[in-house]
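What's in start.pdb: PDB, C-alpha atoms
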ATOM      1  CA  MET A   1     124.843 131.067 124.612
ATOM      2  CA  ILE A   2     124.424 128.044 122.340
ATOM      3  CA  ASP A   3     127.027 127.737 119.596
ATOM      4  CA  LEU A   4     125.828 124.510 118.019
ATOM      5  CA  LYS A   5     127.609 123.719 114.767
ATOM      6  CA  VAL A   6     127.509 120.870 112.265
ATOM      7  CA  GLN A   7     130.477 121.151 109.952
ATOM      8  CA  PRO A   8     133.112 119.119 108.131
ATOM      9  CA  LEU A   9     135.994 118.164 110.404
ATOM     10  CA  ASP A  10     138.030 117.019 107.410
ATOM     11  CA  GLU A  11     137.252 115.403 104.045
ATOM     12  CA  LYS A  12     135.839 112.275 105.634
ATOM     13  CA  ARG A  13     134.254 113.349 108.903
ATOM     14  CA  ILE A  14     131.553 115.628 110.230
ATOM     15  CA  LEU A  15     131.777 117.260 113.655
ATOM     16  CA  ILE A  16     128.839 118.359 115.758
ATOM     17  CA  SER A  17     130.248 120.823 118.278
ATOM     18  CA  GLY A  18     128.835 123.115 120.914
ATOM     19  CA  ILE A  19     126.252 120.570 122.047
ATOM     20  CA  PRO A  20     124.731 121.904 125.281
ATOM     21  CA  PRO A  21     124.206 119.352 128.093
ATOM     22  CA  VAL A  22     120.413 119.358 127.685
ATOM     23  CA  LEU A  23     120.719 118.451 123.990
ATOM     24  CA  ALA A  24     123.391 115.847 124.799
ATOM     25  CA  THR A  25     120.921 114.225 127.180
ATOM     26  CA  VAL A  26     118.207 114.160 124.512
ATOM     27  CA  LEU A  27     120.642 112.756 121.947
ATOM     28  CA  HIS A  28     121.486 109.903 124.318
ATOM     29  CA  GLU A  29     117.749 109.176 124.531
ATOM     30  CA  ILE A  30     117.401 108.720 120.760
ATOM     31  CA  PRO A  31     117.937 104.914 120.672
ATOM     32  CA  GLU A  32     115.375 104.427 123.445
ATOM     33  CA  ILE A  33     112.814 106.688 121.755
ATOM     34  CA  LEU A  34     113.322 104.966 118.411
ATOM     35  CA  GLU A  35     112.447 101.670 120.091
ATOM     36  CA  LEU A  36     108.897 103.061 120.204
ATOM     37  CA  ARG A  37     108.670 103.039 116.402
ATOM     38  CA  ASP A  38     106.373 100.012 116.462
ATOM     39  CA  ALA A  39     103.826 101.593 118.793
ATOM     40  CA  PRO A  40     100.611 101.825 116.739
ATOM     41  CA  GLU A  41     100.517 105.628 116.556
ATOM     42  CA  ALA A  42     104.222 105.895 115.684
ATOM     43  CA  ARG A  43     103.974 103.117 113.111
ATOM     44  CA  ALA A  44     101.018 104.828 111.436
ATOM     45  CA  ARG A  45     102.997 108.062 111.140
ATOM     46  CA  LEU A  46     106.231 106.496 109.885
ATOM     47  CA  HIS A  47     104.389 104.211 107.452
ATOM     48  CA  PRO A  48     101.477 106.288 106.132
ATOM     49  CA  ASP A  49      99.047 104.941 103.536
ATOM     50  CA  PRO A  50      99.854 106.007  99.966
ATOM     51  CA  THR A  51      96.210 106.696  99.092
ATOM     52  CA  ALA A  52      93.281 108.121 101.019
ATOM     53  CA  ASP A  53      90.712 105.533  99.974
ATOM     54  CA  ASN A  54      92.155 102.599  98.036
ATOM     55  CA  ASP A  55      92.312  99.936 100.756
ATOM     56  CA  SER A  56      93.573  97.111  98.578
ATOM     57  CA  PHE A  57      96.367  99.245  97.163
ATOM     58  CA  ASN A  58      97.258 100.470 100.666
ATOM     59  CA  ARG A  59      97.480  96.854 101.886
ATOM     60  CA  GLU A  60      99.669  95.884  98.958
ATOM     61  CA  TRP A  61     101.862  98.937  99.559
ATOM     62  CA  ARG A  62     102.315  98.039 103.225
ATOM     63  CA  GLN A  63     103.434  94.550 102.253
ATOM     64  CA  MET A  64     105.782  95.720  99.512
ATOM     65  CA  ALA A  65     107.209  99.009 100.790
ATOM     66  CA  GLY A  66     106.796  98.592 104.548
ATOM     67  CA  PRO A  67     109.702  96.222 105.245
ATOM     68  CA  GLU A  68     112.113  98.245 103.109
ATOM     69  CA  LEU A  69     111.192 101.506 104.829
ATOM     70  CA  ARG A  70     111.411  99.903 108.242
ATOM     71  CA  HIS A  71     114.877  98.562 107.453
ATOM     72  CA  LEU A  72     115.938 102.039 106.302
ATOM     73  CA  PHE A  73     114.659 103.641 109.498
ATOM     74  CA  VAL A  74     116.091 100.994 111.840
ATOM     75  CA  SER A  75     119.453 101.091 110.097
ATOM     76  CA  ALA A  76     119.641 104.891 110.433
ATOM     77  CA  GLY A  77     118.871 104.668 114.142
ATOM     78  CA  GLU A  78     121.506 102.016 114.722
ATOM     79  CA  THR A  79     124.123 104.069 112.873
ATOM     80  CA  VAL A  80     123.403 107.138 114.986
ATOM     81  CA  GLY A  81     123.302 105.052 118.168
ATOM     82  CA  ARG A  82     126.800 103.780 117.446
ATOM     83  CA  ASP A  83     128.067 107.281 116.560
ATOM     84  CA  LEU A  84     126.675 108.667 119.800
ATOM     85  CA  THR A  85     128.862 106.360 121.864
ATOM     86  CA  ALA A  86     131.746 108.625 120.780
ATOM     87  CA  MET A  87     130.134 111.819 122.082
ATOM     88  CA  GLU A  88     132.516 113.505 124.496
ATOM     89  CA  VAL A  89     132.900 116.565 126.663
ATOM     90  CA  ALA A  90     134.646 119.397 124.836
ATOM     91  CA  GLY A  91     136.107 122.762 125.674
ATOM     92  CA  GLU A  92     137.975 123.983 128.688
ATOM     93  CA  SER A  93     134.863 124.628 130.727
ATOM     94  CA  GLY A  94     133.548 121.137 130.050
ATOM     95  CA  ASP A  95     130.085 122.560 129.495
ATOM     96  CA  ASP A  96     129.670 121.413 125.917
ATOM     97  CA  TYR A  97     129.817 118.113 124.097
ATOM     98  CA  GLN A  98     130.922 117.127 120.634
ATOM     99  CA  VAL A  99     130.785 114.092 118.403
ATOM    100  CA  ALA A 100     132.476 113.246 115.115
ATOM    101  CA  PHE A 101     131.331 110.643 112.608
ATOM    102  CA  PRO A 102     131.889 109.616 108.970
ATOM    103  CA  ILE A 103     130.430 112.011 106.406
ATOM    104  CA  GLU A 104     128.410 109.188 104.818
ATOM    105  CA  HIS A 105     126.413 108.943 108.051
ATOM    106  CA  VAL A 106     124.768 112.353 107.467
ATOM    107  CA  PRO A 107     121.584 110.890 105.864
ATOM    108  CA  ALA A 108     121.262 108.472 108.800
ATOM    109  CA  TRP A 109     121.567 111.353 111.270
ATOM    110  CA  MET A 110     118.890 113.384 109.487
ATOM    111  CA  SER A 111     116.596 110.374 109.325
ATOM    112  CA  ALA A 112     117.091 109.382 112.959
ATOM    113  CA  LEU A 113     116.645 112.939 114.235
ATOM    114  CA  ASN A 114     113.434 113.339 112.275
ATOM    115  CA  GLN A 115     112.123 109.894 113.211
ATOM    116  CA  THR A 116     112.705 110.695 116.866
ATOM    117  CA  ARG A 117     110.846 113.993 116.557
ATOM    118  CA  LEU A 118     107.917 112.363 114.782
ATOM    119  CA  ILE A 119     107.685 109.485 117.257
ATOM    120  CA  LEU A 120     107.703 111.895 120.196
ATOM    121  CA  GLY A 121     105.044 113.934 118.426
ATOM    122  CA  GLU A 122     102.771 110.951 117.908
ATOM    123  CA  ILE A 123     103.272 109.335 121.311
ATOM    124  CA  HIS A 124     102.562 112.615 123.117
ATOM    125  CA  LYS A 125      99.955 113.846 120.618
ATOM    126  CA  ILE A 126     101.820 117.064 119.916
ATOM    127  CA  ASP A 127      99.830 119.423 117.707
ATOM    128  CA  GLU A 128     100.489 122.824 116.161
ATOM    129  CA  ALA A 129      99.386 124.649 119.324
ATOM    130  CA  GLU A 130     101.695 122.555 121.504
ATOM    131  CA  MET A 131     104.601 123.245 119.158
ATOM    132  CA  ASN A 132     103.972 126.987 119.390
ATOM    133  CA  ARG A 133     103.529 127.023 123.167
ATOM    134  CA  THR A 134     105.672 129.614 124.929
ATOM    135  CA  ASP A 135     105.069 128.636 128.566
ATOM    136  CA  PHE A 136     106.711 125.520 129.952
ATOM    137  CA  ASP A 137     105.777 123.179 132.781
ATOM    138  CA  PRO A 138     108.654 120.805 133.621
ATOM    139  CA  GLN A 139     106.128 118.430 135.218
ATOM    140  CA  SER A 140     104.253 118.017 131.933
ATOM    141  CA  ALA A 141     105.278 115.039 129.793
ATOM    142  CA  ARG A 142     103.820 116.765 126.735
ATOM    143  CA  HIS A 143     105.782 119.943 127.380
ATOM    144  CA  LEU A 144     108.973 117.937 127.843
ATOM    145  CA  ALA A 145     108.274 116.050 124.625
ATOM    146  CA  ALA A 146     107.744 119.318 122.744
ATOM    147  CA  LEU A 147     111.001 120.635 124.211
ATOM    148  CA  ARG A 148     112.827 117.526 122.969
ATOM    149  CA  ILE A 149     111.253 117.949 119.527
ATOM    150  CA  HIS A 150     112.416 121.573 119.352
ATOM    151  CA  LEU A 151     115.926 120.730 120.530
ATOM    152  CA  LEU A 152     116.314 117.945 117.990
ATOM    153  CA  GLY A 153     114.799 120.212 115.340
ATOM    154  CA  TYR A 154     117.410 122.851 116.132
ATOM    155  CA  LEU A 155     120.111 120.278 115.401
ATOM    156  CA  LEU A 156     118.283 118.914 112.339
ATOM    157  CA  HIS A 157     118.111 122.420 110.891
ATOM    158  CA  ARG A 158     121.905 122.627 111.223
ATOM    159  CA  PHE A 159     122.113 119.461 109.122
ATOM    160  CA  VAL A 160     119.768 120.979 106.525
ATOM    161  CA  GLN A 161     122.051 123.996 106.347
ATOM    162  CA  LEU A 162     125.053 121.693 105.951
ATOM    163  CA  GLU A 163     123.297 119.973 103.049
ATOM    164  CA  GLY A 164     122.700 123.282 101.307
ATOM    165  CA  GLY A 165     119.174 123.935 102.509
ATOM    166  CA  ASP A 166     118.536 127.060 104.493
ATOM    167  CA  GLU A 167     115.790 129.144 106.056
ATOM    168  CA  PRO A 168     113.041 129.345 107.053
ATOM    169  CA  GLU A 169     113.501 127.632 110.401
ATOM    170  CA  ASN A 170     109.960 127.148 111.712
ATOM    171  CA  ASP A 171     107.947 123.955 111.766
ATOM    172  CA  ILE A 172     105.292 123.405 109.117
TER     173      ILE A 172
ATOM    174  CA  MET B   1      90.349  93.426  82.922
ATOM    175  CA  ALA B   2      89.729  94.092  79.227
ATOM    176  CA  PRO B   3      88.947  91.147  76.955
ATOM    177  CA  PRO B   4      91.817  89.485  75.076
ATOM    178  CA  ILE B   5      92.680  91.154  71.776
ATOM    179  CA  GLU B   6      93.512  89.049  68.729
ATOM    180  CA  THR B   7      96.660  90.288  67.045
ATOM    181  CA  GLY B   8      96.463  88.287  63.870
ATOM    182  CA  GLN B   9      99.762  86.642  64.724
ATOM    183  CA  PRO B  10      99.486  82.912  65.476
ATOM    184  CA  GLY B  11      99.562  82.246  69.221
ATOM    185  CA  VAL B  12      99.828  85.916  70.177
ATOM    186  CA  ILE B  13      97.070  87.746  72.001
ATOM    187  CA  ILE B  14      97.201  90.897  74.107
ATOM    188  CA  ILE B  15      95.375  90.750  77.423
ATOM    189  CA  GLY B  16      94.093  93.859  79.089
ATOM    190  CA  GLU B  17      96.238  96.222  77.093
ATOM    191  CA  THR B  18      93.581  98.869  76.668
ATOM    192  CA  LYS B  19      92.996  99.247  80.402
ATOM    193  CA  ALA B  20      96.677  99.045  81.221
ATOM    194  CA  LYS B  21      97.503 101.785  78.770
ATOM    195  CA  ASP B  22      94.644 103.899  80.093
ATOM    196  CA  GLU B  23      95.793 103.532  83.700
ATOM    197  CA  LEU B  24      99.367 104.328  82.822
ATOM    198  CA  SER B  25      98.514 107.380  80.740
ATOM    199  CA  SER B  26      95.999 108.968  83.157
ATOM    200  CA  PRO B  27      97.669 111.630  85.280
ATOM    201  CA  TRP B  28      98.169 111.003  88.984
ATOM    202  CA  ASN B  29      98.739 113.692  91.565
ATOM    203  CA  VAL B  30     101.254 113.445  94.390
ATOM    204  CA  ILE B  31      99.984 115.314  97.446
ATOM    205  CA  VAL B  32     101.991 116.317 100.519
ATOM    206  CA  HIS B  33     100.007 116.945 103.701
ATOM    207  CA  ASN B  34     100.772 119.283 106.570
ATOM    208  CA  ASP B  35     102.050 117.979 109.890
ATOM    209  CA  PRO B  36     103.030 119.929 112.997
ATOM    210  CA  ILE B  37     106.481 118.420 113.446
ATOM    211  CA  ASN B  38     108.450 118.518 110.204
ATOM    212  CA  LEU B  39     110.678 121.580 109.811
ATOM    213  CA  MET B  40     109.918 123.974 106.983
ATOM    214  CA  SER B  41     113.572 123.948 105.972
ATOM    215  CA  TYR B  42     113.600 120.137 105.988
ATOM    216  CA  VAL B  43     110.495 119.902 103.785
ATOM    217  CA  THR B  44     111.984 122.415 101.343
ATOM    218  CA  MET B  45     115.185 120.383 101.181
ATOM    219  CA  VAL B  46     113.231 117.180 100.512
ATOM    220  CA  PHE B  47     111.280 118.791  97.641
ATOM    221  CA  MET B  48     114.546 119.969  96.108
ATOM    222  CA  ARG B  49     116.105 116.526  96.436
ATOM    223  CA  VAL B  50     113.201 114.324  95.410
ATOM    224  CA  PHE B  51     111.852 116.402  92.519
ATOM    225  CA  GLY B  52     114.925 118.439  91.638
ATOM    226  CA  TYR B  53     112.927 121.641  92.100
ATOM    227  CA  PRO B  54     114.768 124.966  92.441
ATOM    228  CA  ARG B  55     114.643 126.470  95.932
ATOM    229  CA  VAL B  56     111.983 129.082  95.091
ATOM    230  CA  ARG B  57     109.542 126.472  93.790
ATOM    231  CA  ALA B  58     110.284 124.100  96.658
ATOM    232  CA  GLU B  59     109.650 126.874  99.200
ATOM    233  CA  THR B  60     106.422 127.902  97.452
ATOM    234  CA  LEU B  61     105.116 124.335  97.642
ATOM    235  CA  MET B  62     106.251 123.965 101.253
ATOM    236  CA  LEU B  63     104.401 127.158 102.204
ATOM    237  CA  GLU B  64     101.291 125.894 100.422
ATOM    238  CA  VAL B  65     101.461 122.740 102.549
ATOM    239  CA  HIS B  66     101.867 124.899 105.638
ATOM    240  CA  HIS B  67      99.055 127.350 104.919
ATOM    241  CA  LYS B  68      96.536 125.196 103.050
ATOM    242  CA  GLY B  69      97.167 121.842 104.720
ATOM    243  CA  ARG B  70      98.187 120.135 101.507
ATOM    244  CA  SER B  71      99.886 120.790  98.218
ATOM    245  CA  LEU B  72      99.900 119.090  94.844
ATOM    246  CA  VAL B  73     103.646 118.734  94.384
ATOM    247  CA  TRP B  74     103.812 116.665  91.214
ATOM    248  CA  SER B  75     101.523 115.232  88.534
ATOM    249  CA  GLY B  76     102.219 112.563  85.952
ATOM    250  CA  GLY B  77     102.289 108.841  85.324
ATOM    251  CA  ARG B  78     101.196 106.353  87.972
ATOM    252  CA  GLU B  79     104.471 104.476  88.210
ATOM    253  CA  GLN B  80     106.481 107.661  88.715
ATOM    254  CA  ALA B  81     103.918 108.890  91.236
ATOM    255  CA  GLU B  82     104.380 105.690  93.257
ATOM    256  CA  HIS B  83     108.131 106.195  93.116
ATOM    257  CA  TYR B  84     107.835 109.772  94.411
ATOM    258  CA  VAL B  85     105.437 108.826  97.207
ATOM    259  CA  HIS B  86     107.826 106.101  98.294
ATOM    260  CA  GLN B  87     110.710 108.563  98.315
ATOM    261  CA  LEU B  88     108.700 111.137 100.272
ATOM    262  CA  HIS B  89     107.781 108.454 102.822
ATOM    263  CA  SER B  90     111.451 107.548 103.156
ATOM    264  CA  TYR B  91     112.007 111.191 104.195
ATOM    265  CA  GLN B  92     109.050 110.826 106.595
ATOM    266  CA  LEU B  93     106.773 113.291 104.827
ATOM    267  CA  LEU B  94     103.027 112.626 104.749
ATOM    268  CA  ALA B  95     102.430 111.967 101.069
ATOM    269  CA  THR B  96      99.605 110.365  99.117
ATOM    270  CA  MET B  97      98.733 109.890  95.482
ATOM    271  CA  GLU B  98      95.369 110.287  93.793
ATOM    272  CA  LYS B  99      94.078 110.114  90.286
ATOM    273  CA  SER B 100      93.706 113.515  88.696
ATOM    274  CA  GLU B 101      90.118 114.541  87.973
ATOM    275  CA  THR B 102      91.164 116.489  84.890
TER     276      THR B 102
END

As structure tokens, the full file:
Amino acid sequence: MIDLKVQPLDEKRILISGIPPVLATVLHEIPEILELRDAPEARARLHPDPTADNDSFNREWRQMAGPELRHLFVSAGETVGRDLTAMEVAGESGDDYQVAFPIEHVPAWMSALNQTRLILGEIHKIDEAEMNRTDFDPQSARHLAALRIHLLGYLLHRFVQLEGGDEPENDI
Amino acid sequence: MAPPIETGQPGVIIIGETKAKDELSSPWNVIVHNDPINLMSYVTMVFMRVFGYPRVRAETLMLEVHHKGRSLVWSGGREQAEHYVHQLHSYQLLATMEKSET
């Protein structure tokens, strides 16, 4: 049974506890996945055009807003990458992992988790049907990507709850 | 650009004011588009944070995105619309702006 929790450890720190080994593995993959942010499909998703048909405005937007957004996204990934180095085995059975980090890193965690999900989605062309798939083929890269997206989404939802958001839990 | 307007004051003319005022006063719509990855709870949270909407309104808009593929989440001045689109992009939502037809 998964007992994943994201909660204050004290006034200054947040603790993610009850991290199952499979999620711990995916979390360790985050920095590597985020390195794919400049792949064309990932870049297009993380830096969408602000209008559907105004090419000159879209170009200007990319020049003005693009670098700032990229810095925001890269910085969030680096913060989470550093925090993850402190992830450790927890509990007597040694089956779960936990990691604590400063409370001001919460926005970076939410950003990095979501970036990772979106990048996986774009790289592996995950659509609504793939997200709702109930069968699973461990040999399929797309199925494994969808599994990673769901696992990271499960953790992201815990962060949303921490921040005062709540249900529903499905993907849009 | 509109032609220069004489103000009657020596050395003072206004360039393009009419068009600028028109562009600023015309309503712009901020649209959020559906995507298969973003969590419903995450999108609701973003609407509450960015626009200050109460949960019920944020959830209604999120469900409209989910069911209809897009939702008009805000309408108003161009500059504010740009600000909101930028914020929505920083949360990794698919957002665009378009001039209102009304």

Could you expand the PyMOL selection byres ((chain B and resi 77) around 10) into the explicit residues it covers here, written as a PyMOL selection string?
-> chain B and resi 23-29+74-76+78-82+99

Apply the ChimeraX specification (/B :<10) & /A to the displayed file and report the matching residues as a ChimeraX atom specification.
-> /A:45-54,61,65-66,68-70,72-73,107,110-111,114-115,117-122,126-132,146,149-150,153-154,156-161,163-172

Could you list as a PyMOL selection string every residue that has an atom within 8 Å of (129.7, 113.3, 117.4), using the file's coordinates and counting all atoms listed in the file?
-> chain A and resi 14-17+83-84+86-88+98-101

Given 4 Å on each side, where is the centre and what are the edge lengths in Å to one decimal of the axis-aligned box enclosing the listed atoms of range 92-99 of chain A, as lines of an AutoDock Vina configuration file?
center_x = 133.8
center_y = 119.4
center_z = 124.6
size_x = 16.3
size_y = 18.5
size_z = 20.3

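Note that the spacing between CA of Asp135 in chain A and CA of Leu147 in chain A amounts to 10.9 Å.
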
Taking the file as shown, what set of residues would the PyMOL selection byres ((chain A and resi 78) around 10) give back, as a PyMOL selection string?
-> chain A and resi 30-31+34+73-77+79-84+108-109+112

note - CA of Phe51 in chain B and CA of His105 in chain A are separated by 22.6 Å

Between A:Leu155, A:Ile103, A:Phe136, A:Glu32, which has the minimum distance to Pro8 in chain A (counting only C-alpha atoms)?
->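 Of the candidates, the smallest distance to Pro8 in chain A is held by A:Ile103.
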
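The coordinates place CA of Phe47 in chain B at 28.5 Å from CA of Asp10 in chain A.
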
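If all atoms listed in the file are the atoms counted, then among A:Leu144, A:Val6, A:Leu151, A:Leu23 the closest residue to Asp96 in chain A is A:Leu23.
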
Of the residues A:Asp3, A:Ala42, A:Pro21, A:Lys12, which is the one nearest to Ile123 in chain A, using all atoms listed in the file?
->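 Once distances to Ile123 in chain A are computed over all atoms listed in the file, the minimum belongs to A:Ala42.
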
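Among the candidate residues A:Leu152, A:Asp38, A:Asp55, A:Val106, the one lying nearest to Ala24 in chain A is A:Leu152, with distances computed using all atoms listed in the file.
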